[in-house]
>>> print(open('work38.cif').read())   # mmCIF, C-alpha atoms
data_start
#
loop_
_atom_site.label_atom_id
_atom_site.label_comp_id
_atom_site.auth_asym_id
_atom_site.auth_seq_id
_atom_site.Cartn_x
_atom_site.Cartn_y
_atom_site.Cartn_z
CA MET Z 220 118.38 189.85 67.47
CA ALA Z 221 117.40 186.30 68.40
CA ILE Z 222 120.79 185.02 67.18
CA VAL Z 223 122.57 187.73 69.19
CA GLY Z 224 120.59 186.68 72.26
CA LEU Z 225 121.47 183.02 71.77
CA TYR Z 226 125.20 183.43 71.43
CA LEU Z 227 125.81 186.33 73.84
CA GLY Z 228 123.48 185.02 76.53
CA SER Z 229 122.95 187.05 79.72
CA TRP Z 230 120.44 189.89 79.36
CA TRP Z 231 120.94 189.81 75.58
CA ALA Z 232 118.63 186.78 75.62
CA TRP Z 233 115.77 189.20 76.24
CA LEU Z 234 116.66 191.58 73.41
CA THR Z 235 114.00 190.25 71.04
CA PRO Z 236 111.05 190.37 73.50
CA ALA Z 237 112.10 193.89 74.51
CA PHE Z 238 112.25 195.00 70.88
CA VAL Z 239 108.92 193.41 69.93
CA PHE Z 240 106.85 194.53 72.91
CA LEU Z 241 108.54 197.79 73.89
CA VAL Z 242 110.40 199.32 70.96
CA ILE Z 243 107.99 198.48 68.15
CA PRO Z 244 104.83 199.78 69.90
CA LEU Z 245 106.73 202.90 70.96
CA VAL Z 246 108.06 203.59 67.45
CA ASP Z 247 104.65 202.82 65.94
CA GLY Z 248 103.15 205.38 68.30
CA VAL Z 249 105.72 208.01 67.41
CA LEU Z 250 105.71 207.46 63.65
CA GLY Z 251 101.96 207.04 63.42
CA VAL Z 252 100.18 205.48 60.46
CA ASP Z 253 100.72 205.60 56.71
CA GLU Z 254 97.43 205.01 54.92
CA SER Z 255 98.75 205.81 51.48
CA SER Z 256 99.04 203.13 48.82
CA LYS Z 257 101.96 202.82 46.46
CA SER Z 258 102.73 205.55 43.97
CA GLU Z 259 103.00 204.62 40.31
CA GLU Z 260 106.80 204.62 40.50
CA SER Z 261 106.99 202.40 43.59
CA PHE Z 262 104.37 200.06 42.17
CA VAL Z 263 106.57 199.49 39.12
CA TRP Z 264 109.42 198.55 41.45
CA SER Z 265 107.19 196.28 43.52
CA SER Z 266 106.30 194.42 40.35
CA ARG Z 267 109.86 193.11 40.24
CA ASP Z 268 108.67 190.12 42.17
CA GLY Z 269 111.94 188.19 42.20
CA VAL Z 270 113.45 190.58 44.74
CA TYR Z 271 110.52 190.29 47.13
CA THR Z 272 110.25 186.52 46.73
CA GLY Z 273 113.98 186.24 47.41
CA ILE Z 274 113.42 187.97 50.75
CA LEU Z 275 110.84 185.34 51.64
CA VAL Z 276 113.14 182.45 50.69
CA ALA Z 277 115.94 183.93 52.80
CA GLN Z 278 113.52 184.16 55.74
CA VAL Z 279 112.54 180.49 55.47
CA ILE Z 280 116.21 179.48 55.56
CA SER Z 281 117.07 181.78 58.44
CA GLN Z 282 114.04 180.85 60.56
CA ILE Z 283 114.62 177.10 60.22
CA GLY Z 284 118.30 177.78 60.94
CA LEU Z 285 117.29 179.65 64.09
CA LEU Z 286 115.66 176.50 65.46
CA PHE Z 287 118.90 174.58 64.89
CA ALA Z 288 120.83 177.40 66.56
CA LEU Z 289 118.60 177.13 69.61
CA GLY Z 290 119.22 173.39 69.78
CA HIS Z 291 122.97 173.91 69.54
CA CYS Z 292 123.06 176.57 72.26
CA TRP Z 293 120.70 174.66 74.53
CA THR Z 294 122.85 171.52 74.49
CA THR Z 295 126.31 173.12 74.56
CA MET Z 296 126.02 176.25 76.73
CA GLN Z 297 125.51 176.44 80.48
CA VAL Z 298 123.32 179.43 81.39
CA GLU Z 299 120.89 180.44 84.11
CA ARG Z 300 117.20 179.62 83.83
CA TRP Z 301 116.12 183.19 83.21
CA VAL Z 302 118.38 183.16 80.14
CA TRP Z 303 116.70 179.95 78.98
CA VAL Z 304 113.32 181.66 79.21
CA GLY Z 305 114.65 184.59 77.16
CA TRP Z 306 115.94 182.20 74.51
CA ILE Z 307 112.60 180.40 74.25
CA LEU Z 308 110.64 183.65 73.97
CA SER Z 309 113.07 185.15 71.46
CA VAL Z 310 113.02 182.20 69.10
CA SER Z 311 109.25 181.81 69.45
CA LEU Z 312 108.66 185.48 68.63
CA SER Z 313 110.95 185.30 65.62
CA VAL Z 314 109.67 182.02 64.22
CA GLY Z 315 106.06 182.59 65.23
CA GLY Z 316 105.99 186.23 64.18
CA VAL Z 317 108.19 186.58 61.12
CA GLY Z 318 108.57 182.92 60.13
CA ILE Z 319 104.89 181.99 60.08
CA THR Z 320 104.02 185.29 58.42
CA VAL Z 321 106.37 184.32 55.60
CA ALA Z 322 104.85 180.83 55.49
CA HIS Z 323 101.39 182.40 55.26
CA GLU Z 324 102.51 184.45 52.27
CA LEU Z 325 104.10 181.47 50.53
CA VAL Z 326 101.19 179.02 50.91
CA HIS Z 327 99.06 181.50 48.97
CA ARG Z 328 101.46 181.51 46.02
CA GLN Z 329 100.62 179.83 42.71
CA ALA Z 330 104.10 178.36 42.17
CA ARG Z 331 104.31 174.90 43.73
CA TRP Z 332 107.90 175.34 44.91
CA GLN Z 333 106.92 178.45 46.85
CA ARG Z 334 103.95 176.70 48.47
CA THR Z 335 106.31 173.86 49.40
CA LEU Z 336 108.68 176.29 51.09
CA GLY Z 337 105.76 177.66 53.07
CA LYS Z 338 104.92 174.16 54.24
CA VAL Z 339 108.56 173.59 55.24
CA MET Z 340 108.37 176.66 57.45
CA LEU Z 341 105.11 175.40 58.97
CA MET Z 342 106.70 171.99 59.53
CA GLY Z 343 109.25 173.79 61.69
CA VAL Z 344 106.46 174.62 64.16
CA LEU Z 345 104.36 171.47 63.68
CA TYR Z 346 101.51 173.38 62.03
CA MET Z 347 101.46 172.17 58.44
CA HIS Z 348 97.68 171.72 58.37
CA PHE Z 349 97.45 175.54 58.34
CA SER Z 350 98.33 175.44 54.64
CA ILE Z 351 95.06 173.61 53.97
CA GLU Z 352 92.70 175.13 56.51
CA HIS Z 353 93.76 178.73 55.99
CA VAL Z 354 93.66 178.75 52.20
CA ARG Z 355 90.64 176.52 51.60
CA GLY Z 356 88.76 177.01 54.87
CA HIS Z 357 89.41 180.36 56.53
CA HIS Z 358 89.33 182.41 53.34
CA ALA Z 359 85.97 180.91 52.37
CA SER Z 360 84.24 181.17 55.76
CA VAL Z 361 85.95 184.17 57.38
CA GLY Z 362 83.66 186.22 59.57
CA THR Z 363 81.12 183.41 60.03
CA HIS Z 364 80.26 180.98 62.80
CA GLU Z 365 81.70 178.19 60.65
CA ASP Z 366 85.20 179.70 60.80
CA ALA Z 367 87.19 178.66 63.86
CA ALA Z 368 89.75 181.37 63.10
CA SER Z 369 87.23 184.23 63.41
CA ALA Z 370 86.60 185.19 67.03
CA PRO Z 371 83.09 186.40 67.91
CA ARG Z 372 82.64 189.49 70.02
CA GLY Z 373 83.00 188.79 73.73
CA MET Z 374 85.30 185.79 73.38
CA SER Z 375 88.63 186.16 75.16
CA VAL Z 376 91.84 185.24 73.42
CA TYR Z 377 92.33 182.36 75.86
CA ARG Z 378 88.96 180.79 75.03
CA PHE Z 379 89.71 181.40 71.38
CA LEU Z 380 93.03 179.56 71.56
CA MET Z 381 91.50 176.54 73.27
CA ARG Z 382 88.85 176.41 70.55
CA THR Z 383 90.63 177.35 67.37
CA VAL Z 384 93.70 175.09 67.52
CA PRO Z 385 91.87 171.73 67.58
CA LEU Z 386 89.02 172.92 65.35
CA GLN Z 387 91.37 174.16 62.65
CA TRP Z 388 93.15 170.80 62.60
CA TRP Z 389 89.83 169.03 62.26
CA SER Z 390 88.70 171.47 59.58
CA ALA Z 391 91.86 170.79 57.57
CA TRP Z 392 91.23 167.03 57.84
CA GLU Z 393 87.62 167.45 56.66
CA LEU Z 394 88.65 169.68 53.75
CA GLU Z 395 91.21 167.14 52.65
CA ARG Z 396 88.74 164.27 53.05
CA LYS Z 397 86.17 166.06 50.89
CA ARG Z 398 88.79 166.81 48.24
CA LEU Z 399 89.79 163.15 48.03
CA VAL Z 400 86.19 161.92 47.91
CA LYS Z 401 85.41 164.43 45.17
CA HIS Z 402 88.25 163.02 43.06
CA GLY Z 403 87.33 159.42 43.79
CA ARG Z 404 90.38 158.69 45.93
CA ALA Z 405 90.64 156.84 49.23
CA VAL Z 406 91.00 158.99 52.33
CA TRP Z 407 93.54 156.65 53.91
CA SER Z 408 96.00 156.71 51.04
CA ILE Z 409 99.20 158.35 49.84
CA HIS Z 410 97.06 161.05 48.25
CA ASN Z 411 96.01 162.43 51.65
CA GLU Z 412 98.16 165.49 52.32
CA MET Z 413 97.27 165.49 56.01
CA LEU Z 414 98.86 162.06 56.40
CA TRP Z 415 102.00 163.31 54.67
CA PHE Z 416 102.07 166.25 57.07
CA LEU Z 417 102.03 163.86 60.03
CA VAL Z 418 104.90 161.86 58.53
CA CYS Z 419 106.98 164.96 57.75
CA GLN Z 420 106.49 166.40 61.23
CA LEU Z 421 107.36 163.09 62.86
CA LEU Z 422 110.56 162.84 60.81
CA TRP Z 423 111.36 166.44 61.75
CA LEU Z 424 111.07 165.56 65.43
CA VAL Z 425 113.28 162.52 64.90
CA LEU Z 426 115.88 164.72 63.20
CA LEU Z 427 115.92 167.25 66.03
CA THR Z 428 116.12 164.51 68.64
CA SER Z 429 118.99 162.78 66.85
CA MET Z 430 120.91 166.06 66.62
CA PHE Z 431 120.27 167.54 70.06
CA GLY Z 432 119.03 164.66 72.19
CA LEU Z 433 115.80 164.04 74.07
CA VAL Z 434 116.64 166.85 76.47
CA PHE Z 435 115.90 169.37 73.72
CA LEU Z 436 112.58 167.85 72.63
CA PRO Z 437 110.33 169.37 75.34
CA VAL Z 438 112.03 172.73 74.83
CA TYR Z 439 111.35 172.58 71.11
CA LEU Z 440 107.72 171.57 71.69
CA VAL Z 441 107.26 174.65 73.89
CA VAL Z 442 108.77 176.84 71.16
CA ALA Z 443 106.49 175.30 68.53
CA ALA Z 444 103.40 175.78 70.71
CA LEU Z 445 104.27 179.40 71.49
CA SER Z 446 104.95 180.03 67.80
CA PHE Z 447 101.67 178.74 66.42
CA GLY Z 448 99.95 180.20 69.49
CA LEU Z 449 101.23 183.62 68.42
CA LEU Z 450 99.85 182.98 64.94
CA GLU Z 451 96.43 182.29 66.41
CA VAL Z 452 96.56 185.38 68.63
CA VAL Z 453 97.13 187.37 65.43
CA ASN Z 454 94.15 185.57 63.84
CA TYR Z 455 92.13 186.65 66.87
CA ILE Z 456 93.21 190.26 66.40
CA GLU Z 457 92.57 190.30 62.66
CA HIS Z 458 88.89 189.32 62.76
CA TYR Z 459 87.62 189.84 66.31
CA GLY Z 460 83.91 190.68 66.40
CA LEU Z 461 83.56 191.31 62.65
CA ARG Z 462 80.72 189.24 61.23
CA ARG Z 463 79.29 188.70 57.77
CA GLU Z 464 75.52 189.02 57.70
CA ILE Z 465 73.13 186.42 56.32
CA ARG Z 466 71.12 187.84 53.45
CA GLY Z 467 67.54 187.05 52.48
CA HIS Z 468 68.54 184.09 50.34
CA GLY Z 469 70.09 182.42 53.39
CA ARG Z 470 73.68 182.85 52.29
CA TYR Z 471 76.39 184.96 53.84
CA GLU Z 472 77.20 188.28 52.26
CA ALA Z 473 80.39 188.45 50.22
CA VAL Z 474 83.68 189.08 52.03
CA GLY Z 475 84.40 192.79 52.14
CA PRO Z 476 87.05 195.12 53.54
CA GLU Z 477 84.91 195.59 56.64
CA HIS Z 478 85.49 191.99 57.74
CA SER Z 479 89.15 192.34 58.72
CA TRP Z 480 90.87 194.70 61.14
CA ASN Z 481 93.77 196.62 59.62
CA SER Z 482 96.78 198.47 60.93
CA ASN Z 483 98.82 200.97 58.96
CA HIS Z 484 101.40 201.56 61.68
CA ARG Z 485 104.67 201.94 59.84
CA LEU Z 486 107.23 199.78 61.63
CA SER Z 487 105.09 196.75 62.45
CA ARG Z 488 103.71 196.78 58.91
CA ALA Z 489 107.18 196.61 57.43
CA LEU Z 490 108.42 193.90 59.80
CA LEU Z 491 105.38 191.70 59.13
CA PHE Z 492 105.38 191.89 55.33
CA GLU Z 493 102.25 194.08 55.11
CA LEU Z 494 100.18 191.39 56.86
CA SER Z 495 98.30 194.08 58.75
CA ARG Z 496 96.75 195.33 55.51
CA HIS Z 497 94.58 192.31 55.98
CA SER Z 498 91.40 193.41 54.25
CA ASP Z 499 93.13 193.66 50.89
CA HIS Z 500 94.65 190.24 51.46
CA HIS Z 501 91.20 188.72 51.97
CA LEU Z 502 89.82 190.49 48.93
CA HIS Z 503 92.77 189.46 46.74
CA ALA Z 504 94.32 186.36 48.29
CA LEU Z 505 96.81 185.87 45.45
CA LYS Z 506 98.13 189.43 45.61
CA HIS Z 507 101.76 189.46 46.75
CA TYR Z 508 102.52 191.19 50.01
CA GLN Z 509 104.41 194.16 48.57
CA LYS Z 510 101.36 195.20 46.53
CA LEU Z 511 98.73 195.16 49.29
CA ALA Z 512 96.86 198.44 49.57
CA ASN Z 513 94.99 200.26 52.30
CA GLY Z 514 91.21 200.06 52.06
CA GLU Z 515 89.05 203.10 52.79
CA ARG Z 516 86.32 200.95 54.41
CA SER Z 517 88.76 198.83 56.40
CA PRO Z 518 88.33 199.06 60.18
CA GLN Z 519 91.53 200.24 61.84
CA LEU Z 520 93.29 198.94 64.93
CA PRO Z 521 94.52 201.48 67.50
CA SER Z 522 98.05 200.02 67.42
CA GLY Z 523 100.31 197.76 65.41
CA TYR Z 524 100.17 194.01 65.87
CA PRO Z 525 102.75 193.78 68.72
CA GLY Z 526 100.82 196.33 70.77
CA MET Z 527 97.54 194.59 70.01
CA VAL Z 528 98.96 191.24 71.15
CA LEU Z 529 99.70 192.77 74.54
CA LEU Z 530 96.17 194.19 74.75
CA ALA Z 531 94.62 190.85 73.76
CA LEU Z 532 96.39 189.13 76.65
CA VAL Z 533 94.43 191.32 79.09
CA PRO Z 534 90.78 190.60 78.14
CA PRO Z 535 89.09 193.41 80.16
CA VAL Z 536 91.30 196.01 78.48
CA TRP Z 537 90.83 194.36 75.10
CA PHE Z 538 87.02 194.32 75.38
CA TRP Z 539 86.97 197.93 76.53
CA MET Z 540 89.17 199.00 73.63
CA MET Z 541 87.69 196.92 70.81
CA ASP Z 542 84.00 196.46 71.59
CA ARG Z 543 83.30 200.17 71.41
CA ARG Z 544 85.00 200.25 68.00
CA ILE Z 545 82.66 197.51 66.84
CA GLU Z 546 79.68 199.47 68.15
CA LEU Z 547 80.77 202.56 66.22
CA ARG Z 548 80.69 200.52 63.03
CA THR Z 549 77.17 199.14 63.57
#
>>> encode(input="work38.cif", output="structure tokens")
Amino acid sequence: MAIVGLYLGSWWAWLTPAFVFLVIPLVDGVLGVDESSKSEESFVWSSRDGVYTGILVAQVISQIGLLFALGHCWTTMQVERWVWVGWILSVSLSVGGVGITVAHELVHRQARWQRTLGKVMLMGVLYMHFSIEHVRGHHASVGTHEDAASAPRGMSVYRFLMRTVPLQWWSAWELERKRLVKHGRAVWSIHNEMLWFLVCQLLWLVLLTSMFGLVFLPVYLVVAALSFGLLEVVNYIEHYGLRREIRGHGRYEAVGPEHSWNSNHRLSRALLFELSRHSDHHLHALKHYQKLANGERSPQLPSGYPGMVLLALVPPVWFWMMDRRIELRT
């Protein structure tokens, strides 16, 4: 849809935002939820991992290609400003919604080449540090005050964004510094992955600028910011107000299914690679997306992720909708 919008222009430029924020919530509402887990027969098919991994690889290629397509259209086509806005939103929703979801799946994989592909996708939105902070930071401290990606109750999504973006970068740097010190290596060295991320992202910007000129650079930076901003809005939705308690020994309780919001709405689940079955992902971080199951104790969102994004952008409505759900669980 984003490609169609780029090359047909006109009102087609708004096809992707309309689909994401109108069609998907409507279809999710009509089709309802599917809380069932896989049958024995479908689980056997889902074990054929090559097929599902191939889908992820194709997504990485297509999402990076979409950024090049935007650069080509931006520098060769003359359109009105409202079409430009549609292009930016369409590409950001695609790359930030589907692309980063795929990157998230890949950085959890055990195979190095798959983790590398995930980092390539994150490079496309200048957010490579996510591969460190999410895997080694967020999964360890989710639902605690130490986790910048877990929003406490009463915090708006706008305050959360201003806080989480810089703190996650700093957390990734600290995690990498501690890893290097532990192995007796210098922080300022070729062994520091955060430094390599900075180099890769700088070279990526140089490549885009050489291909499409300086005129495209601010446009691309807006797309990148909107893309990783969408990722963080989803983080906000996934853990809002859910806290792990401190036990008598002074340590946090173990991560459980009750520490992530879930959504079993059919269409948004399928389009986001089962990301919304988030409790199972946090319980079994290495489990591949097609095998994630619904948890009986998992708190449920009233809508799929696209609908919840819209709610999050209006804090009074969000608090009214979500805070009472938290109270029912306590």
>>> residues_around(input="work38.cif", residues="Leu345 (chain Z)", least_positions_apart="2", cutoff="9 Å", atoms="all atoms listed in the file", output="tab-separated table (two decimals) with C-alpha atoms, keeping the file's coordinate frame")
chain	number	residue	atom	x	y	z
Z	341	LEU	CA	105.11	175.40	58.97
Z	342	MET	CA	106.70	171.99	59.53
Z	343	GLY	CA	109.25	173.79	61.69
Z	347	MET	CA	101.46	172.17	58.44
Z	348	HIS	CA	97.68	171.72	58.37
Z	416	PHE	CA	102.07	166.25	57.07
Z	417	LEU	CA	102.03	163.86	60.03
Z	420	GLN	CA	106.49	166.40	61.23
Z	421	LEU	CA	107.36	163.09	62.86
Z	423	TRP	CA	111.36	166.44	61.75
Z	440	LEU	CA	107.72	171.57	71.69
Z	443	ALA	CA	106.49	175.30	68.53
Z	444	ALA	CA	103.40	175.78	70.71
Z	447	PHE	CA	101.67	178.74	66.42
>>> closest_residue(input="work38.cif", among="Z:Ala367, Z:Glu493, Z:Glu254, Z:Gly248", to="Glu515 (chain Z)", atoms="only C-alpha atoms")
Z:Glu254
>>> closest_residue(input="work38.cif", among="Z:Ser369, Z:Gln282, Z:Thr272, Z:Gln329", to="Thr383 (chain Z)", atoms="all atoms listed in the file")
Z:Ser369
>>> resolve_selection(input="work38.cif", expression="the PyMOL selection byres ((chain Z and resi 328) around 12)", output="compact mmCIF listing (two decimals) with C-alpha atoms, in the coordinates of the input")
# COMPACT_ATOMS: atom_id res chain seq x y z
CA ASP Z 268 108.67 190.12 42.17
CA THR Z 272 110.25 186.52 46.73
CA LEU Z 275 110.84 185.34 51.64
CA VAL Z 321 106.37 184.32 55.60
CA ALA Z 322 104.85 180.83 55.49
CA HIS Z 323 101.39 182.40 55.26
CA GLU Z 324 102.51 184.45 52.27
CA LEU Z 325 104.10 181.47 50.53
CA VAL Z 326 101.19 179.02 50.91
CA HIS Z 327 99.06 181.50 48.97
CA GLN Z 329 100.62 179.83 42.71
CA ALA Z 330 104.10 178.36 42.17
CA ARG Z 331 104.31 174.90 43.73
CA TRP Z 332 107.90 175.34 44.91
CA GLN Z 333 106.92 178.45 46.85
CA ARG Z 334 103.95 176.70 48.47
CA THR Z 335 106.31 173.86 49.40
CA LEU Z 336 108.68 176.29 51.09
CA GLY Z 337 105.76 177.66 53.07
CA LYS Z 338 104.92 174.16 54.24
CA SER Z 350 98.33 175.44 54.64
CA VAL Z 354 93.66 178.75 52.20
CA HIS Z 503 92.77 189.46 46.74
CA ALA Z 504 94.32 186.36 48.29
CA LEU Z 505 96.81 185.87 45.45
CA LYS Z 506 98.13 189.43 45.61
CA HIS Z 507 101.76 189.46 46.75
CA TYR Z 508 102.52 191.19 50.01
>>> resolve_selection(input="work38.cif", expression="the PyMOL selection byres ((chain Z and resi 285) around 9)", output="list of chain:residue names")
Z:Ala221, Z:Ile222, Z:Ile280, Z:Ser281, Z:Gln282, Z:Ile283, Z:Gly284, Z:Leu286, Z:Phe287, Z:Ala288, Z:Leu289, Z:Gly290, Z:Val310, Z:Ser313, Z:Val314
>>> resolve_selection(input="work38.cif", expression="the PyMOL selection byres ((chain Z and resi 356) around 10)", output="list of chain:residue names")
Z:Phe349, Z:Ser350, Z:Ile351, Z:Glu352, Z:His353, Z:Val354, Z:Arg355, Z:His357, Z:His358, Z:Ala359, Z:Ser360, Z:Val361, Z:Glu365, Z:Asp366, Z:Ala367, Z:Ala368, Z:Gln387, Z:Ser390, Z:Ala391, Z:Glu393, Z:Leu394
>>> atom_distance(input="work38.cif", atom1="CA of Val441 (chain Z)", atom2="CA of Val425 (chain Z)")
16.3 Å
>>> atom_distance(input="work38.cif", atom1="CA of Glu299 (chain Z)", atom2="CA of Phe238 (chain Z)")
21.5 Å
>>> atom_distance(input="work38.cif", atom1="CA of Gly432 (chain Z)", atom2="CA of Gly315 (chain Z)")
23.2 Å
>>> closest_residue(input="work38.cif", among="Z:Val249, Z:Pro244, Z:Gly362, Z:Gly228", to="Gln297 (chain Z)", atoms="only C-alpha atoms")
Z:Gly228
>>> residues_around(input="work38.cif", residues="Val434 (chain Z)", least_positions_apart="3", cutoff="12 Å", atoms="all atoms listed in the file", output="PyMOL selection string")
chain Z and resi 290-291+293-295+427-431+437-440
>>> write_last_selection(input="work38.cif", atoms="C-alpha atoms", output="mmCIF file, keeping the file's coordinate frame")
data_model
loop_
_atom_site.group_PDB
_atom_site.id
_atom_site.type_symbol
_atom_site.label_atom_id
_atom_site.label_comp_id
_atom_site.auth_asym_id
_atom_site.auth_seq_id
_atom_site.Cartn_x
_atom_site.Cartn_y
_atom_site.Cartn_z
ATOM 1 C CA GLY Z 290 119.220 173.390 69.780
ATOM 2 C CA HIS Z 291 122.970 173.910 69.540
ATOM 3 C CA TRP Z 293 120.700 174.660 74.530
ATOM 4 C CA THR Z 294 122.850 171.520 74.490
ATOM 5 C CA THR Z 295 126.310 173.120 74.560
ATOM 6 C CA LEU Z 427 115.920 167.250 66.030
ATOM 7 C CA THR Z 428 116.120 164.510 68.640
ATOM 8 C CA SER Z 429 118.990 162.780 66.850
ATOM 9 C CA MET Z 430 120.910 166.060 66.620
ATOM 10 C CA PHE Z 431 120.270 167.540 70.060
ATOM 11 C CA PRO Z 437 110.330 169.370 75.340
ATOM 12 C CA VAL Z 438 112.030 172.730 74.830
ATOM 13 C CA TYR Z 439 111.350 172.580 71.110
ATOM 14 C CA LEU Z 440 107.720 171.570 71.690
#
>>> closest_residue(input="work38.cif", among="Z:Leu461, Z:Met220, Z:Leu424, Z:Val452", to="Pro518 (chain Z)", atoms="all atoms listed in the file")
Z:Leu461
>>> closest_residue(input="work38.cif", among="Z:Pro534, Z:Glu395, Z:Pro525, Z:Arg516", to="Pro236 (chain Z)", atoms="all atoms listed in the file")
Z:Pro525
>>> closest_residue(input="work38.cif", among="Z:Ile465, Z:Leu511, Z:Met296, Z:Met413", to="Ala489 (chain Z)", atoms="only C-alpha atoms")
Z:Leu511
>>> residues_near_point(input="work38.cif", point="(118.1, 183.4, 87.1)", cutoff="12 Å", atoms="all atoms listed in the file", output="list in words")
Gly228, Ser229, Trp230, Ala232, Val298, Glu299, Arg300, Trp301, Val302, Trp303, Val304 and Gly305 of chain Z
>>> axis_aligned_box(input="work38.cif", around="region 511-517 of chain Z", padding_each_side="5 Å", output="AutoDock Vina command-line options")
--center_x 92.5 --center_y 199.1 --center_z 52.8 --size_x 22.4 --size_y 17.9 --size_z 17.1
>>> residues_near_point(input="work38.cif", point="(84.0, 186.6, 70.9)", cutoff="12 Å", atoms="only C-alpha atoms", output="PDB file with C-alpha atoms, in the coordinates of the input")
ATOM      1  CA  GLY Z 362      83.660 186.220  59.570  1.00  0.00           C
ATOM      2  CA  THR Z 363      81.120 183.410  60.030  1.00  0.00           C
ATOM      3  CA  HIS Z 364      80.260 180.980  62.800  1.00  0.00           C
ATOM      4  CA  ALA Z 367      87.190 178.660  63.860  1.00  0.00           C
ATOM      5  CA  ALA Z 368      89.750 181.370  63.100  1.00  0.00           C
ATOM      6  CA  SER Z 369      87.230 184.230  63.410  1.00  0.00           C
ATOM      7  CA  ALA Z 370      86.600 185.190  67.030  1.00  0.00           C
ATOM      8  CA  PRO Z 371      83.090 186.400  67.910  1.00  0.00           C
ATOM      9  CA  ARG Z 372      82.640 189.490  70.020  1.00  0.00           C
ATOM     10  CA  GLY Z 373      83.000 188.790  73.730  1.00  0.00           C
ATOM     11  CA  MET Z 374      85.300 185.790  73.380  1.00  0.00           C
ATOM     12  CA  SER Z 375      88.630 186.160  75.160  1.00  0.00           C
ATOM     13  CA  VAL Z 376      91.840 185.240  73.420  1.00  0.00           C
ATOM     14  CA  TYR Z 377      92.330 182.360  75.860  1.00  0.00           C
ATOM     15  CA  ARG Z 378      88.960 180.790  75.030  1.00  0.00           C
ATOM     16  CA  PHE Z 379      89.710 181.400  71.380  1.00  0.00           C
ATOM     17  CA  LEU Z 380      93.030 179.560  71.560  1.00  0.00           C
ATOM     18  CA  ARG Z 382      88.850 176.410  70.550  1.00  0.00           C
ATOM     19  CA  THR Z 383      90.630 177.350  67.370  1.00  0.00           C
ATOM     20  CA  TYR Z 455      92.130 186.650  66.870  1.00  0.00           C
ATOM     21  CA  ILE Z 456      93.210 190.260  66.400  1.00  0.00           C
ATOM     22  CA  HIS Z 458      88.890 189.320  62.760  1.00  0.00           C
ATOM     23  CA  TYR Z 459      87.620 189.840  66.310  1.00  0.00           C
ATOM     24  CA  GLY Z 460      83.910 190.680  66.400  1.00  0.00           C
ATOM     25  CA  LEU Z 461      83.560 191.310  62.650  1.00  0.00           C
ATOM     26  CA  ARG Z 462      80.720 189.240  61.230  1.00  0.00           C
ATOM     27  CA  ALA Z 531      94.620 190.850  73.760  1.00  0.00           C
ATOM     28  CA  PRO Z 534      90.780 190.600  78.140  1.00  0.00           C
ATOM     29  CA  TRP Z 537      90.830 194.360  75.100  1.00  0.00           C
ATOM     30  CA  PHE Z 538      87.020 194.320  75.380  1.00  0.00           C
ATOM     31  CA  MET Z 541      87.690 196.920  70.810  1.00  0.00           C
ATOM     32  CA  ASP Z 542      84.000 196.460  71.590  1.00  0.00           C
ATOM     33  CA  ILE Z 545      82.660 197.510  66.840  1.00  0.00           C
TER      34      ILE Z 545
END
>>> decode(input="work38.cif", residues="region 518-529 of chain Z", atoms="C-alpha atoms", output="PDB file, in the first residue's frame")
ATOM      1  CA  PRO Z 518      -4.245  -8.935  30.711  1.00  0.00           C
ATOM      2  CA  GLN Z 519      -6.124  -8.101  27.527  1.00  0.00           C
ATOM      3  CA  LEU Z 520      -6.308  -4.841  25.599  1.00  0.00           C
ATOM      4  CA  PRO Z 521      -9.736  -3.652  24.419  1.00  0.00           C
ATOM      5  CA  SER Z 522      -8.504  -3.287  20.829  1.00  0.00           C
ATOM      6  CA  GLY Z 523      -5.684  -4.278  18.516  1.00  0.00           C
ATOM      7  CA  TYR Z 524      -2.483  -2.264  18.451  1.00  0.00           C
ATOM      8  CA  PRO Z 525      -3.561   0.283  15.772  1.00  0.00           C
ATOM      9  CA  GLY Z 526      -6.675   1.152  17.756  1.00  0.00           C
ATOM     10  CA  MET Z 527      -4.668   1.373  20.972  1.00  0.00           C
ATOM     11  CA  VAL Z 528      -2.162   3.743  19.336  1.00  0.00           C
ATOM     12  CA  LEU Z 529      -5.008   6.132  18.569  1.00  0.00           C
TER      13      LEU Z 529
END
